[in-house]
Amino acid sequence: MICIKLRLLTGRYHATPWGRNVNEGVAEWPPSPFRLLRAIYATWKRQFSELDEATVDRILTALASERPEYRLPPAKSSHLRSYLHSNLSNPEKRFSGRQKVFDQFVVVMPGHEITMTWPNASLDEGDLKALRELLGAMNYLGRSESWCEIGLGEPIAPSNCWPDAGGPLEQGGSRIRVAGVAAPADSEGSRDRWWDTLALDSNDLARLGLDLPPALQYHDYLLGPVDKV
C-alpha cells in the first residue's frame, strides 16, 4: 500500500480541471492523480536531476498501476472575481477595457488532510525514500496559490471517495470524473511516449493535434456523502 497525505496550508485548493478554461469557474476536486504525477515528474526534472530514471520509472509506474482511493475532508467551492485592465494608454478606456477574471478554488478547514491511497501498490524502501524526498520538495499542487505540505503516511480513516465499480450510490453521494493516469502498458505508443506525455502542456497538444495527453485517462469515482463542491 502507498498512502500520500496532502495538507492545504491556507485551506484553499486552486486548480483548473484539464481542458477547462479558468474563467469557466470550475475547480478540480479532488486533486487528480494526473496532476500529482505531473508534479512529481516536474519536481524530479527541476530539483532532483541526479535521481536515476529507473527509480522514477518505478515510482510513477506504481502510482499509475491502479486508481487511488481518497479520504476527503468537508469542502466547499468559492471564487474571487478580479477586474484587470488591459494597460490601455487612453485613460478614458482603462476602465471600460477591464476584463473579469475568475479565481475558482475549493475551501477546506486549514490543517484537514486529504489522503490518496493505492491499496495494492508497493515500492521497496529505496524507492519510498526517493518518493518521500520528491513529495517533500513540493510546496504547492495545482496553481502556485495552493500552498501545501505533502508526504507519505498511513490512512487513519476509511475512504469516502473511491473508483466506481458499478455499485450503488450512498444516500447523498454522487458520481464524479477524475483525471487519472493510464498505465504505461495501456498508453498509445512506446514506453518513452508515456514518459513524454506527462510533460506535455496545452501548446504541445495543439502542435501535435491532440485533444488530451495520451497518458491522461478519465475515471469515474463515487463521492460519499461529505460536504462537497
# chains A, B, ... in the order shown; residues from 1 in each chain; ligands from 1

call {"tool": "closest_atom_pairs", "arguments": {"of": "range 151-220 of chain A", "to": "range 107-122 of chain A", "cutoff": "9 Å", "atoms": "only C-alpha atoms", "output": "Markdown table"}}
result
| residue | atom | partner | partner_atom | distance |
| --- | --- | --- | --- | --- |
| A:Gly153 | CA | A:Thr115 | CA | 8.6 |
| A:Glu154 | CA | A:Thr117 | CA | 8.6 |
| A:Pro155 | CA | A:Thr115 | CA | 6.9 |
| A:Ser159 | CA | A:Thr115 | CA | 8.5 |

call {"tool": "residues_around", "arguments": {"residues": "range 23-36 of chain A", "least_positions_apart": "2", "cutoff": "9 Å", "atoms": "only C-alpha atoms", "output": "ChimeraX atom specification"}}
result
/A:13-18,20-21,38-41,63-64,67-68,70,72,77-79,100-106,114,116,141-142,161,178-182,198,215-217,228-229

call {"tool": "closest_residue", "arguments": {"among": "A:Glu125, A:Cys3, A:Leu60, A:Arg143", "to": "Val22 in chain A", "atoms": "only C-alpha atoms"}}
result
A:Arg143

call {"tool": "closest_residue", "arguments": {"among": "A:Leu223, A:Lys129, A:Leu200, A:Leu135", "to": "Gly173 in chain A", "atoms": "only C-alpha atoms"}}
result
A:Leu223

call {"tool": "residues_around", "arguments": {"residues": "Gly136 in chain A", "least_positions_apart": "2", "cutoff": "8 Å", "atoms": "only C-alpha atoms", "output": "PyMOL selection string"}}
result
chain A and resi 132-134+138-139+149-151

call {"tool": "write_last_selection", "arguments": {"atoms": "N, CA, C and O atoms", "output": "compact mmCIF listing (two decimals), in the first residue's frame"}}
result
# COMPACT_ATOMS: atom_id res chain seq x y z
N ARG A 132 9.50 9.98 -1.00
CA ARG A 132 9.34 10.89 0.15
C ARG A 132 10.10 12.20 -0.08
O ARG A 132 9.61 13.28 0.24
N GLU A 133 11.29 12.12 -0.65
CA GLU A 133 12.08 13.32 -0.94
C GLU A 133 11.42 14.16 -2.03
O GLU A 133 11.40 15.39 -1.93
N LEU A 134 10.91 13.51 -3.05
CA LEU A 134 10.24 14.25 -4.13
C LEU A 134 9.01 14.98 -3.61
O LEU A 134 8.80 16.16 -3.90
N MET A 138 7.83 19.48 -2.81
CA MET A 138 6.69 20.13 -3.46
C MET A 138 5.99 21.03 -2.44
O MET A 138 5.49 20.54 -1.42
N ASN A 139 5.97 22.33 -2.68
CA ASN A 139 5.31 23.25 -1.74
C ASN A 139 3.97 23.77 -2.24
O ASN A 139 3.33 24.57 -1.58
N GLU A 149 1.63 20.99 2.30
CA GLU A 149 2.61 20.02 2.77
C GLU A 149 2.14 18.67 2.27
O GLU A 149 0.96 18.32 2.38
N ILE A 150 3.05 17.91 1.70
CA ILE A 150 2.67 16.64 1.11
C ILE A 150 3.74 15.60 1.41
O ILE A 150 4.94 15.91 1.37
N GLY A 151 3.31 14.41 1.76
CA GLY A 151 4.26 13.37 2.10
C GLY A 151 3.58 12.02 2.23
O GLY A 151 2.37 11.88 2.00

call {"tool": "atom_distance", "arguments": {"atom1": "CA of Gly11 in chain A", "atom2": "CA of Trp162 in chain A"}}
result
22.6 Å

call {"tool": "select_by_dssp", "arguments": {"residues": "range 2-181 of chain A", "states": "helix (DSSP H, G or I)", "output": "JSON, numbers by chain"}}
result
{"A": [22, 23, 24, 33, 34, 35, 36, 37, 38, 39, 40, 41, 42, 43, 44, 45, 46, 47, 53, 54, 55, 56, 57, 58, 59, 60, 61, 62, 63, 64, 91, 92, 93, 94, 125, 126, 127, 128, 129, 130, 131, 132, 133, 134, 135, 136]}

call {"tool": "select_by_dssp", "arguments": {"residues": "range 11-226 of chain A", "states": "strand (DSSP E)", "output": "VMD selection string"}}
result
chain A and resid 12 to 13 69 to 71 76 to 84 99 to 107 113 to 118 148 to 152 161 to 163 174 to 181 216 to 223

call {"tool": "write_last_selection", "arguments": {"atoms": "C-alpha atoms", "output": "PDB file, in the first residue's frame"}}
result
ATOM      1  CA  ARG A  12      -7.577  26.551  -0.387  1.00  0.00           C
ATOM      2  CA  TYR A  13      -7.020  24.328  -3.396  1.00  0.00           C
ATOM      3  CA  GLU A  69      -8.941   5.879  -3.099  1.00  0.00           C
ATOM      4  CA  TYR A  70      -9.434   9.184  -1.269  1.00  0.00           C
ATOM      5  CA  ARG A  71     -10.281  10.370   2.194  1.00  0.00           C
ATOM      6  CA  LYS A  76     -16.948  23.981  -0.451  1.00  0.00           C
ATOM      7  CA  SER A  77     -16.437  25.787  -3.728  1.00  0.00           C
ATOM      8  CA  SER A  78     -15.765  29.526  -3.774  1.00  0.00           C
ATOM      9  CA  HIS A  79     -14.186  32.124  -6.032  1.00  0.00           C
ATOM     10  CA  LEU A  80     -12.815  35.616  -6.377  1.00  0.00           C
ATOM     11  CA  ARG A  81     -13.546  37.959  -9.270  1.00  0.00           C
ATOM     12  CA  SER A  82     -10.845  40.360 -10.397  1.00  0.00           C
ATOM     13  CA  TYR A  83     -11.294  43.099 -12.960  1.00  0.00           C
ATOM     14  CA  LEU A  84      -7.951  43.580 -14.673  1.00  0.00           C
ATOM     15  CA  GLN A  99     -11.645  42.071 -18.125  1.00  0.00           C
ATOM     16  CA  LYS A 100     -13.295  39.927 -15.490  1.00  0.00           C
ATOM     17  CA  VAL A 101     -11.082  37.030 -14.364  1.00  0.00           C
ATOM     18  CA  PHE A 102     -12.331  34.206 -12.138  1.00  0.00           C
ATOM     19  CA  ASP A 103     -10.191  32.604  -9.467  1.00  0.00           C
ATOM     20  CA  GLN A 104     -12.151  29.464  -8.584  1.00  0.00           C
ATOM     21  CA  PHE A 105     -10.953  27.327  -5.685  1.00  0.00           C
ATOM     22  CA  VAL A 106     -12.055  24.718  -3.167  1.00  0.00           C
ATOM     23  CA  VAL A 107     -12.094  25.586   0.526  1.00  0.00           C
ATOM     24  CA  GLU A 113      -5.791  16.293   5.424  1.00  0.00           C
ATOM     25  CA  ILE A 114      -6.553  14.797   2.038  1.00  0.00           C
ATOM     26  CA  THR A 115      -5.306  11.240   1.655  1.00  0.00           C
ATOM     27  CA  MET A 116      -4.777   9.300  -1.563  1.00  0.00           C
ATOM     28  CA  THR A 117      -4.279   5.567  -1.066  1.00  0.00           C
ATOM     29  CA  TRP A 118      -3.184   2.922  -3.564  1.00  0.00           C
ATOM     30  CA  CYS A 148       0.700  22.579   0.789  1.00  0.00           C
ATOM     31  CA  GLU A 149       2.610  20.022   2.773  1.00  0.00           C
ATOM     32  CA  ILE A 150       2.671  16.640   1.105  1.00  0.00           C
ATOM     33  CA  GLY A 151       4.260  13.371   2.102  1.00  0.00           C
ATOM     34  CA  LEU A 152       3.839   9.680   2.798  1.00  0.00           C
ATOM     35  CA  CYS A 161     -14.233   8.662  -2.482  1.00  0.00           C
ATOM     36  CA  TRP A 162     -13.308   5.588  -4.463  1.00  0.00           C
ATOM     37  CA  PRO A 163     -13.241   4.215  -8.027  1.00  0.00           C
ATOM     38  CA  SER A 174     -22.563  11.493  -6.280  1.00  0.00           C
ATOM     39  CA  ARG A 175     -20.591  10.284  -9.281  1.00  0.00           C
ATOM     40  CA  ILE A 176     -17.685  12.405 -10.495  1.00  0.00           C
ATOM     41  CA  ARG A 177     -14.964  12.204 -13.137  1.00  0.00           C
ATOM     42  CA  VAL A 178     -11.338  12.313 -12.066  1.00  0.00           C
ATOM     43  CA  ALA A 179      -8.324  12.833 -14.328  1.00  0.00           C
ATOM     44  CA  GLY A 180      -6.303   9.666 -13.841  1.00  0.00           C
ATOM     45  CA  VAL A 181      -3.222   8.252 -15.496  1.00  0.00           C
ATOM     46  CA  LEU A 216      -4.448  11.036 -19.314  1.00  0.00           C
ATOM     47  CA  GLN A 217      -7.389   8.727 -18.727  1.00  0.00           C
ATOM     48  CA  TYR A 218     -10.620   9.877 -17.086  1.00  0.00           C
ATOM     49  CA  HIS A 219     -12.025   7.622 -14.377  1.00  0.00           C
ATOM     50  CA  ASP A 220     -15.429   7.569 -12.740  1.00  0.00           C
ATOM     51  CA  TYR A 221     -15.497   7.861  -8.951  1.00  0.00           C
ATOM     52  CA  LEU A 222     -18.140   7.616  -6.255  1.00  0.00           C
ATOM     53  CA  LEU A 223     -18.068  10.503  -3.802  1.00  0.00           C
TER      54      LEU A 223
END
